[in-house]
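structure_15.csv (CSV, C-alpha atoms and all ligand atoms)
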chain,number,residue,atom,x,y,z
A,182,MET,CA,246.4,-61.2,-9.2
A,183,ARG,CA,246.4,-60.0,-5.6
A,184,PHE,CA,249.2,-57.6,-4.7
A,185,ALA,CA,250.8,-56.1,-1.6
A,186,VAL,CA,252.9,-53.0,-1.7
A,187,LEU,CA,256.0,-53.2,0.6
A,188,GLY,CA,256.9,-49.7,1.6
A,189,SER,CA,254.8,-46.7,2.7
A,190,GLY,CA,257.0,-43.8,1.5
A,191,PHE,CA,256.4,-41.4,-1.3
A,192,TRP,CA,257.2,-43.7,-4.3
A,193,ALA,CA,255.4,-46.6,-2.7
A,194,THR,CA,252.2,-44.7,-2.2
A,195,GLU,CA,252.2,-42.3,-5.2
A,196,VAL,CA,253.3,-44.8,-7.8
A,197,HIS,CA,253.1,-48.4,-6.8
A,198,ALA,CA,249.9,-48.3,-4.8
A,199,ALA,CA,248.3,-45.8,-7.2
A,200,SER,CA,249.0,-48.0,-10.2
A,201,LEU,CA,247.8,-51.2,-8.5
A,202,ALA,CA,244.6,-49.5,-7.1
A,203,GLY,CA,243.6,-48.4,-10.6
A,204,HIS,CA,244.8,-51.6,-12.5
A,205,PRO,CA,242.0,-53.4,-14.3
A,206,ASP,CA,243.5,-56.9,-13.8
A,207,ALA,CA,245.3,-56.6,-10.4
A,208,GLU,CA,243.9,-56.1,-6.9
A,209,LEU,CA,245.7,-54.0,-4.2
A,210,VAL,CA,245.2,-56.0,-1.0
A,211,GLY,CA,247.4,-54.2,1.5
A,212,ILE,CA,250.4,-52.0,2.2
A,213,TRP,CA,253.2,-53.0,4.5
A,214,GLY,CA,255.5,-50.5,6.3
A,215,ARG,CA,257.8,-50.6,9.3
A,216,ASP,CA,256.0,-47.8,10.9
A,217,ALA,CA,252.4,-48.7,12.0
A,218,GLU,CA,251.0,-45.2,11.7
A,219,LYS,CA,252.5,-44.5,8.2
A,220,ALA,CA,251.4,-48.0,7.0
A,221,ALA,CA,247.9,-47.4,8.3
A,222,ALA,CA,247.7,-44.0,6.7
A,223,ALA,CA,248.9,-45.4,3.3
A,224,GLY,CA,246.4,-48.2,3.5
A,225,ALA,CA,243.5,-45.9,4.5
A,226,ARG,CA,244.3,-43.7,1.4
A,227,TYR,CA,243.5,-46.7,-0.9
A,228,ASP,CA,240.9,-48.3,1.4
A,229,VAL,CA,243.1,-51.4,2.0
A,230,ARG,CA,244.9,-52.9,4.9
A,231,GLY,CA,247.9,-50.9,6.2
A,232,THR,CA,250.0,-53.2,8.3
A,233,THR,CA,253.4,-54.0,10.0
A,234,ASP,CA,252.6,-57.7,9.9
A,235,LEU,CA,254.6,-58.9,6.8
A,236,ASP,CA,254.0,-62.6,7.1
A,237,ALA,CA,250.2,-62.3,7.4
A,238,LEU,CA,250.1,-60.0,4.4
A,239,LEU,CA,252.4,-62.2,2.3
A,240,ALA,CA,250.1,-65.2,3.1
A,241,ASP,CA,247.2,-63.3,1.6
A,242,VAL,CA,248.6,-62.2,-1.8
A,243,ASP,CA,250.0,-63.6,-5.0
A,244,ALA,CA,252.6,-60.9,-5.7
A,245,VAL,CA,254.4,-58.0,-4.0
A,246,SER,CA,255.5,-54.6,-5.4
A,247,ILE,CA,258.5,-53.5,-3.4
A,248,SER,CA,259.4,-49.8,-3.0
A,249,LEU,CA,262.0,-49.7,-0.3
A,250,PRO,CA,265.7,-48.6,-0.2
A,251,PRO,CA,267.9,-51.1,-2.1
A,252,SER,CA,269.7,-52.1,1.1
A,253,VAL,CA,266.4,-53.2,2.5
A,254,GLN,CA,264.8,-54.8,-0.6
A,255,PRO,CA,266.8,-58.1,-0.9
A,256,ASP,CA,265.8,-59.6,2.5
A,257,LEU,CA,262.1,-58.7,1.9
A,258,ALA,CA,262.3,-60.0,-1.7
A,259,VAL,CA,263.7,-63.3,-0.5
A,260,ARG,CA,261.0,-63.6,2.2
A,261,ALA,CA,258.3,-62.8,-0.3
A,262,ALA,CA,259.6,-65.3,-2.8
A,263,GLN,CA,259.8,-68.0,-0.1
A,264,ALA,CA,256.2,-67.2,0.6
A,265,GLY,CA,255.4,-68.0,-3.0
A,266,CYS,CA,254.9,-64.4,-4.1
A,267,HIS,CA,255.8,-63.1,-7.6
A,268,LEU,CA,258.1,-60.1,-7.4
A,269,LEU,CA,257.8,-56.6,-8.8
A,270,LEU,CA,261.2,-55.2,-7.7
A,271,GLU,CA,262.6,-51.7,-7.6
A,272,LYS,CA,265.9,-50.6,-9.2
A,273,PRO,CA,268.7,-51.3,-8.2
A,274,VAL,CA,267.8,-54.8,-7.1
A,275,ALA,CA,270.5,-54.6,-4.5
A,276,LEU,CA,273.7,-52.7,-3.6
A,277,SER,CA,275.9,-55.8,-3.7
A,278,VAL,CA,276.3,-58.7,-6.1
A,279,ALA,CA,275.9,-61.2,-3.2
A,280,ASP,CA,272.5,-59.6,-2.2
A,281,ALA,CA,271.3,-59.5,-5.8
A,282,ASP,CA,272.3,-63.1,-6.4
A,283,ARG,CA,270.3,-64.1,-3.2
A,284,VAL,CA,267.2,-62.6,-4.7
A,285,VAL,CA,267.7,-64.4,-8.0
A,286,ALA,CA,268.3,-67.7,-6.2
A,287,ALA,CA,265.1,-67.2,-4.2
A,288,THR,CA,263.0,-66.6,-7.3
A,289,THR,CA,264.5,-69.7,-9.0
A,290,ALA,CA,264.0,-71.9,-5.9
A,291,ALA,CA,260.4,-70.8,-5.5
A,292,GLY,CA,259.6,-70.8,-9.2
A,293,VAL,CA,258.1,-67.2,-9.0
A,294,ALA,CA,258.2,-64.6,-11.7
A,295,SER,CA,260.1,-61.3,-11.3
A,296,VAL,CA,260.2,-57.9,-13.0
A,297,VAL,CA,262.4,-55.0,-12.1
A,298,PHE,CA,260.6,-51.6,-12.5
A,299,LEU,CA,263.0,-50.0,-14.9
A,300,THR,CA,260.6,-47.2,-15.7
A,301,TYR,CA,261.7,-46.3,-19.2
A,302,ARG,CA,261.4,-50.0,-20.4
A,303,PHE,CA,257.7,-49.9,-19.8
A,304,ARG,CA,257.0,-47.0,-22.1
A,305,THR,CA,255.9,-47.3,-25.7
A,306,SER,CA,258.4,-44.6,-26.9
A,307,THR,CA,261.3,-46.8,-25.6
A,308,THR,CA,260.0,-49.9,-27.3
A,309,ALA,CA,259.9,-47.9,-30.6
A,310,TRP,CA,263.4,-46.5,-29.9
A,311,LEU,CA,264.9,-49.9,-29.2
A,312,GLU,CA,263.3,-51.4,-32.4
A,313,GLN,CA,264.9,-48.6,-34.4
A,314,ALA,CA,268.2,-49.1,-32.6
A,315,GLY,CA,267.9,-52.8,-33.4
A,316,ARG,CA,267.8,-52.0,-37.1
A,317,SER,CA,271.0,-49.9,-37.0
A,318,HIS,CA,274.7,-50.6,-36.7
A,319,LEU,CA,275.4,-48.7,-33.6
A,320,VAL,CA,278.9,-47.6,-32.4
A,321,GLY,CA,278.1,-45.7,-29.2
A,322,GLY,CA,275.6,-44.1,-26.9
A,323,SER,CA,275.3,-41.6,-24.1
A,324,VAL,CA,273.1,-41.0,-21.1
A,325,THR,CA,273.3,-37.7,-19.2
A,326,TRP,CA,271.1,-37.5,-16.1
A,327,LEU,CA,271.4,-34.4,-14.0
A,328,ALA,CA,269.1,-34.7,-11.0
A,329,SER,CA,268.5,-32.2,-8.2
A,330,THR,CA,267.7,-35.0,-5.7
A,331,PHE,CA,268.0,-32.8,-2.6
A,332,ALA,CA,266.3,-29.6,-3.9
A,333,ALA,CA,263.6,-28.2,-1.5
A,334,ASP,CA,260.8,-29.4,-3.8
A,335,SER,CA,262.2,-32.9,-4.5
A,336,PRO,CA,260.2,-35.8,-3.1
A,337,PHE,CA,263.5,-37.7,-2.6
A,338,ARG,CA,265.2,-35.0,-0.5
A,339,GLY,CA,264.9,-37.1,2.7
A,340,SER,CA,266.2,-40.3,1.1
A,341,VAL,CA,269.1,-41.6,3.2
A,342,TRP,CA,270.6,-44.0,0.7
A,343,ARG,CA,270.7,-41.4,-2.0
A,344,ALA,CA,272.9,-39.2,0.2
A,345,GLU,CA,275.7,-41.8,0.1
A,346,PRO,CA,278.8,-40.9,-2.0
A,347,GLY,CA,278.4,-42.8,-5.4
A,348,ALA,CA,274.6,-43.0,-5.0
A,349,PRO,CA,274.0,-41.3,-8.4
A,350,LEU,CA,275.5,-44.4,-10.0
A,351,TRP,CA,273.2,-46.8,-8.1
A,352,ASP,CA,270.1,-44.6,-8.3
A,353,LEU,CA,270.3,-43.4,-12.0
A,354,GLY,CA,272.7,-46.0,-13.4
A,355,PRO,CA,270.0,-48.8,-13.6
A,356,HIS,CA,267.9,-46.6,-15.9
A,357,ALA,CA,270.9,-45.8,-18.1
A,358,LEU,CA,271.8,-49.4,-18.4
A,359,SER,CA,268.3,-50.5,-19.1
A,360,LEU,CA,268.4,-48.3,-22.3
A,361,LEU,CA,272.1,-48.7,-23.3
A,362,GLU,CA,272.5,-52.5,-22.9
A,363,PRO,CA,269.6,-53.6,-25.0
A,364,ALA,CA,270.7,-51.2,-27.8
A,365,LEU,CA,274.5,-51.6,-27.6
A,366,GLY,CA,275.0,-55.1,-26.0
A,367,PRO,CA,276.0,-56.1,-22.5
A,368,ALA,CA,278.6,-53.8,-20.8
A,369,VAL,CA,281.9,-55.7,-20.3
A,370,SER,CA,284.2,-53.1,-18.7
A,371,ALA,CA,284.1,-49.6,-17.1
A,372,VAL,CA,286.4,-46.7,-16.5
A,373,GLY,CA,285.3,-43.6,-14.6
A,374,ALA,CA,285.9,-40.6,-12.5
A,375,ARG,CA,283.9,-38.6,-9.9
A,376,ALA,CA,283.8,-34.8,-10.1
A,377,ALA,CA,284.2,-32.6,-7.1
A,378,ASP,CA,280.4,-32.1,-6.9
A,379,GLY,CA,279.8,-35.8,-6.8
A,380,THR,CA,278.8,-36.2,-10.5
A,381,VAL,CA,279.8,-39.7,-11.6
A,382,ASN,CA,281.3,-40.0,-15.2
A,383,VAL,CA,281.6,-43.5,-16.6
A,384,VAL,CA,282.7,-44.9,-19.9
A,385,LEU,CA,281.4,-48.4,-20.6
A,386,GLU,CA,282.7,-50.8,-23.3
A,387,HIS,CA,280.0,-53.1,-24.6
A,388,GLU,CA,280.3,-56.6,-26.0
A,389,GLY,CA,281.0,-56.1,-29.8
A,390,GLY,CA,283.0,-52.9,-29.2
A,391,ALA,CA,280.5,-50.1,-28.9
A,392,THR,CA,281.2,-47.6,-26.1
A,393,SER,CA,278.9,-45.4,-24.1
A,394,THR,CA,279.2,-42.6,-21.6
A,395,LEU,CA,277.2,-42.0,-18.5
A,396,THR,CA,277.1,-38.7,-16.7
A,397,LEU,CA,275.0,-39.0,-13.5
A,398,SER,CA,274.5,-36.4,-10.9
A,399,ALA,CA,272.2,-36.1,-7.8
A,400,SER,CA,273.4,-32.6,-7.0
A,401,ALA,CA,272.8,-30.6,-10.2
A,402,SER,CA,271.3,-27.1,-9.9
A,403,THR,CA,267.6,-27.1,-10.7
A,404,LEU,CA,268.4,-24.9,-13.7
A,405,SER,CA,270.6,-27.6,-15.2
A,406,ALA,CA,268.5,-30.7,-14.2
A,407,GLY,CA,267.2,-33.0,-17.0
A,408,GLU,CA,267.9,-36.2,-18.8
A,409,GLU,CA,269.2,-37.0,-22.3
A,410,PHE,CA,269.5,-40.5,-23.9
A,411,TRP,CA,270.9,-41.3,-27.3
A,412,VAL,CA,272.7,-44.0,-29.3
A,413,HIS,CA,274.5,-43.4,-32.7
A,414,GLY,CA,275.6,-45.3,-35.7
A,415,ASP,CA,274.9,-45.7,-39.4
A,416,ALA,CA,271.3,-44.5,-39.0
A,417,GLY,CA,272.4,-41.3,-37.4
A,418,ARG,CA,271.9,-40.2,-33.8
A,419,LEU,CA,268.8,-41.9,-32.3
A,420,VAL,CA,267.5,-39.7,-29.5
A,421,LEU,CA,265.0,-41.1,-27.0
A,422,LEU,CA,262.7,-38.1,-26.7
A,423,PRO,CA,260.6,-37.5,-23.5
A,424,GLU,CA,257.1,-39.0,-23.9
A,425,ALA,CA,254.6,-36.2,-23.5
A,426,GLY,CA,252.3,-36.7,-20.5
A,427,ALA,CA,254.0,-40.0,-19.5
A,428,THR,CA,253.6,-40.8,-15.8
A,429,ALA,CA,255.5,-43.2,-13.7
A,430,HIS,CA,252.3,-44.9,-12.5
A,431,GLU,CA,251.3,-45.7,-16.1
A,432,ALA,CA,254.6,-47.3,-16.6
A,433,HIS,CA,254.2,-49.2,-13.4
A,434,ALA,CA,250.8,-50.5,-14.5
A,435,VAL,CA,252.5,-51.9,-17.7
A,436,ALA,CA,255.1,-53.6,-15.5
A,437,VAL,CA,252.3,-55.1,-13.4
A,438,THR,CA,250.7,-56.5,-16.5
A,439,GLU,CA,254.0,-57.9,-17.8
A,440,LEU,CA,254.7,-59.5,-14.4
A,441,GLN,CA,251.3,-61.2,-14.4
A,442,ALA,CA,252.0,-62.5,-18.0
A,443,ALA,CA,255.4,-63.9,-16.9
A,444,ALA,CA,253.8,-65.5,-13.9
A,445,LEU,CA,251.0,-67.1,-16.0
A,446,THR,CA,253.2,-68.3,-18.8
A,447,GLY,CA,256.3,-69.2,-16.8
A,448,GLY,CA,258.3,-67.2,-19.2
A,449,ALA,CA,261.3,-65.1,-18.3
A,450,HIS,CA,261.0,-61.3,-18.6
A,451,PRO,CA,263.9,-59.3,-20.1
A,452,CYS,CA,263.9,-57.1,-17.0
A,453,ASP,CA,263.7,-59.9,-14.5
A,454,ALA,CA,265.7,-60.3,-11.3
A,455,ALA,CA,268.5,-62.0,-13.2
A,456,TYR,CA,268.9,-58.9,-15.4
A,457,GLY,CA,268.7,-56.8,-12.3
A,458,ALA,CA,271.6,-58.8,-10.8
A,459,ARG,CA,273.5,-58.3,-14.0
A,460,GLN,CA,273.0,-54.6,-13.7
A,461,VAL,CA,274.4,-54.8,-10.1
A,462,ARG,CA,277.6,-56.4,-11.5
A,463,VAL,CA,278.0,-53.6,-14.0
A,464,LEU,CA,277.4,-50.9,-11.3
A,465,ALA,CA,279.8,-52.6,-8.9
A,466,ALA,CA,282.5,-52.7,-11.6
A,467,ALA,CA,281.9,-49.1,-12.4
A,468,GLN,CA,282.0,-48.1,-8.8
A,469,ASP,CA,285.4,-50.0,-8.4
A,470,ALA,CA,286.7,-48.3,-11.6
A,471,VAL,CA,285.8,-44.9,-10.3
A,472,ALA,CA,287.4,-45.5,-6.9
A,473,ALA,CA,290.6,-47.1,-8.4
A,474,GLY,CA,290.9,-44.7,-11.4
A,475,ALA,CA,291.5,-47.8,-13.5
A,476,ARG,CA,289.5,-50.1,-15.9
A,477,ARG,CA,287.4,-52.8,-14.3
A,478,THR,CA,285.8,-55.7,-16.1
A,479,VAL,CA,282.3,-56.8,-15.4
B,1,LIG,N1,261.7,-46.8,-11.0
B,1,LIG,C1,261.8,-45.5,-10.8
B,1,LIG,O1,261.7,-44.6,-11.7
B,1,LIG,C2,262.1,-45.0,-9.3
B,1,LIG,C3,261.8,-43.7,-9.0
B,1,LIG,C4,262.0,-43.4,-7.6
B,1,LIG,C5,262.4,-44.4,-6.7
B,1,LIG,N2,262.6,-45.6,-7.1
B,1,LIG,C6,263.0,-46.7,-6.2
B,1,LIG,O2,262.1,-46.9,-5.2
B,1,LIG,C7,262.7,-47.4,-4.0
B,1,LIG,C8,262.3,-46.5,-2.9
B,1,LIG,O3,262.7,-45.2,-3.2
B,1,LIG,P1,262.4,-44.0,-2.2
B,1,LIG,O4,262.8,-42.8,-2.8
B,1,LIG,O5,261.0,-44.1,-1.8
B,1,LIG,O6,263.4,-44.5,-1.0
B,1,LIG,P2,263.5,-43.7,0.4
B,1,LIG,O7,262.8,-42.5,0.4
B,1,LIG,O8,265.0,-43.7,0.7
B,1,LIG,O9,262.9,-44.8,1.4
B,1,LIG,C9,261.5,-45.1,1.2
B,1,LIG,C10,260.9,-45.6,2.5
B,1,LIG,O10,261.6,-46.8,2.9
B,1,LIG,C11,261.4,-46.9,4.3
B,1,LIG,N3,262.6,-47.6,4.9
B,1,LIG,C12,263.8,-47.1,5.1
B,1,LIG,N4,264.6,-48.0,5.7
B,1,LIG,C13,263.8,-49.0,6.0
B,1,LIG,C14,264.0,-50.2,6.7
B,1,LIG,N5,265.2,-50.6,7.2
B,1,LIG,N6,263.0,-51.1,6.8
B,1,LIG,C15,261.8,-50.8,6.2
B,1,LIG,N7,261.5,-49.6,5.6
B,1,LIG,C16,262.5,-48.8,5.5
B,1,LIG,C17,261.2,-45.5,4.8
B,1,LIG,O11,260.0,-45.7,5.6
B,1,LIG,P3,259.7,-44.8,6.9
B,1,LIG,O12,258.7,-43.8,6.3
B,1,LIG,O13,259.1,-45.8,7.8
B,1,LIG,O14,261.0,-44.1,7.4
B,1,LIG,C18,261.0,-44.7,3.6
B,1,LIG,O15,259.8,-43.9,3.6
B,1,LIG,C19,264.2,-47.3,-4.3
B,1,LIG,O16,264.7,-48.6,-4.7
B,1,LIG,C20,264.3,-46.4,-5.5
B,1,LIG,O17,265.4,-46.6,-6.3
B,1,LIG,C21,262.4,-46.0,-8.4
Turn the structure described in the file into structure tokens.
Amino acid sequence: MRFAVLGSGFWATEVHAASLAGHPDAELVGIWGRDAEKAAAAGARYDVRGTTDLDALLADVDAVSISLPPSVQPDLAVRAAQAGCHLLLEKPVALSVADADRVVAATTAAGVASVVFLTYRFRTSTTAWLEQAGRSHLVGGSVTWLASTFAADSPFRGSVWRAEPGAPLWDLGPHALSLLEPALGPAVSAVGARAADGTVNVVLEHEGGATSTLTLSASASTLSAGEEFWVHGDAGRLVLLPEAGATAHEAHAVAVTELQAAALTGGAHPCDAAYGARQVRVLAAAQDAVAAGARRTV
């Protein structure tokens, strides 16, 4: 399948383009960016076209892999779907329910496949962890993700959308939900509070009665940065341990393979745009709950 990468920033070039350029069953055809020089440089790095001409690139590919801020992604995703391209989307799909629903409607209307790159879901260790979770009676779970997004050595320190208040929820929340929801069931309500340093704390209630807690920060000190994921129940506390040597571009390559399979078979993927839109509903409810200091249903 012929792919274009939309975006010429760090994540687009280091992960999306690197994965596609090395993929045995996919071909990286070009890279689109809004800035001609950056797009050309990104293309040159992988010996493919680097362009600002989106329509010409879309006409030449079967699929796009989008790595742009979530406020920018929905319009481009809709354009790509309307051009008949399958969509490998970034998390979160959008920053509003209306934008997320537009992406879903466009994929349905065009009959194209979609996968949201929820990185952990494309790792073998997560598959094993979810299988183990599926054999247990679970009552709760927890995700703590303390990121130092704006530290001097962070590749995301210049990211404008991550500097918005509440951004940890939208940036890190999709990963948390991608692990907690398949283990504990769909989240149905949220309560939460924001700490003085911007850390977002949310308690989710899941269908069936389990609860989970999310502690998400973009401004943690580098000494406290790190991630922890676990669920618990009759089988004990199931901790998702970090996978030694796992890279994001390997996970992306798995997502590419699964998008191609969904496109060829016409089957829905569990992390498709519709699931991405569901995540946006949960995140919007959690954001409202934090702002109001009251429970919000999804
Ligand atoms: N799955 C994961 O584990 C994972 C990890 C990291 C990031 N991501 C996702 O990847 C996406 C991109 O993240 P990022 O950190 O690269 O974002 P970012 O740094 O905030 O922005 C990436 C690029 O988007 C371009 N851009 C900004 N506004 C634009 C606009 N209006 N039109 C066109 N291009 C625009 C900028 O290009 P210029 O260079 O032209 O300014 C910038 O380099 C996000 O959705 C993020 O959540 C996912």
Could you list, as a list in words, all protein and nucleic acid residues with an atom at most 7 Å from ligand LIG 1 (chain B), counting only C-alpha atoms and all ligand atoms? Gly188, Ser189, Gly190, Phe191, Trp192, Ala193, Gly214, Arg215, Asp216, Lys219, Ser248, Leu249, Pro250, Pro251, Val253, Glu271, Lys272, Pro273, Phe298, Leu299, Thr300, Phe337, Gly339, Ser340, Val341, Trp342, Arg343, Asp352 and Ala429 of chain A
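Nearest residue to A:Val293 among A:Asp228, A:Asp453, A:Asp334, A:Asp469 is A:Asp453, counting only C-alpha atoms.
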Polymer residues at most 12 Å from A:Ala472, all atoms listed in the file, same-chain spacing of 5 or more positions, as an MDAnalysis selection string: chainID A and resid 346:347 371:376 381:383 465:467 477
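Among the candidates A:Gly414, A:Gly203, A:Gly379, A:Gly448, the one nearest to A:His433 when counting all atoms listed in the file is A:Gly203.
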For the atom pair atom CA of A:Val296 and atom CA of A:Ser252, what is the interatomic distance in Å to one decimal place? 18.0 Å
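Counting all atoms listed in the file, the residue from A:Phe303, A:Leu445, A:Ala434, A:Thr325 that sits nearest to A:Pro349 is A:Thr325.
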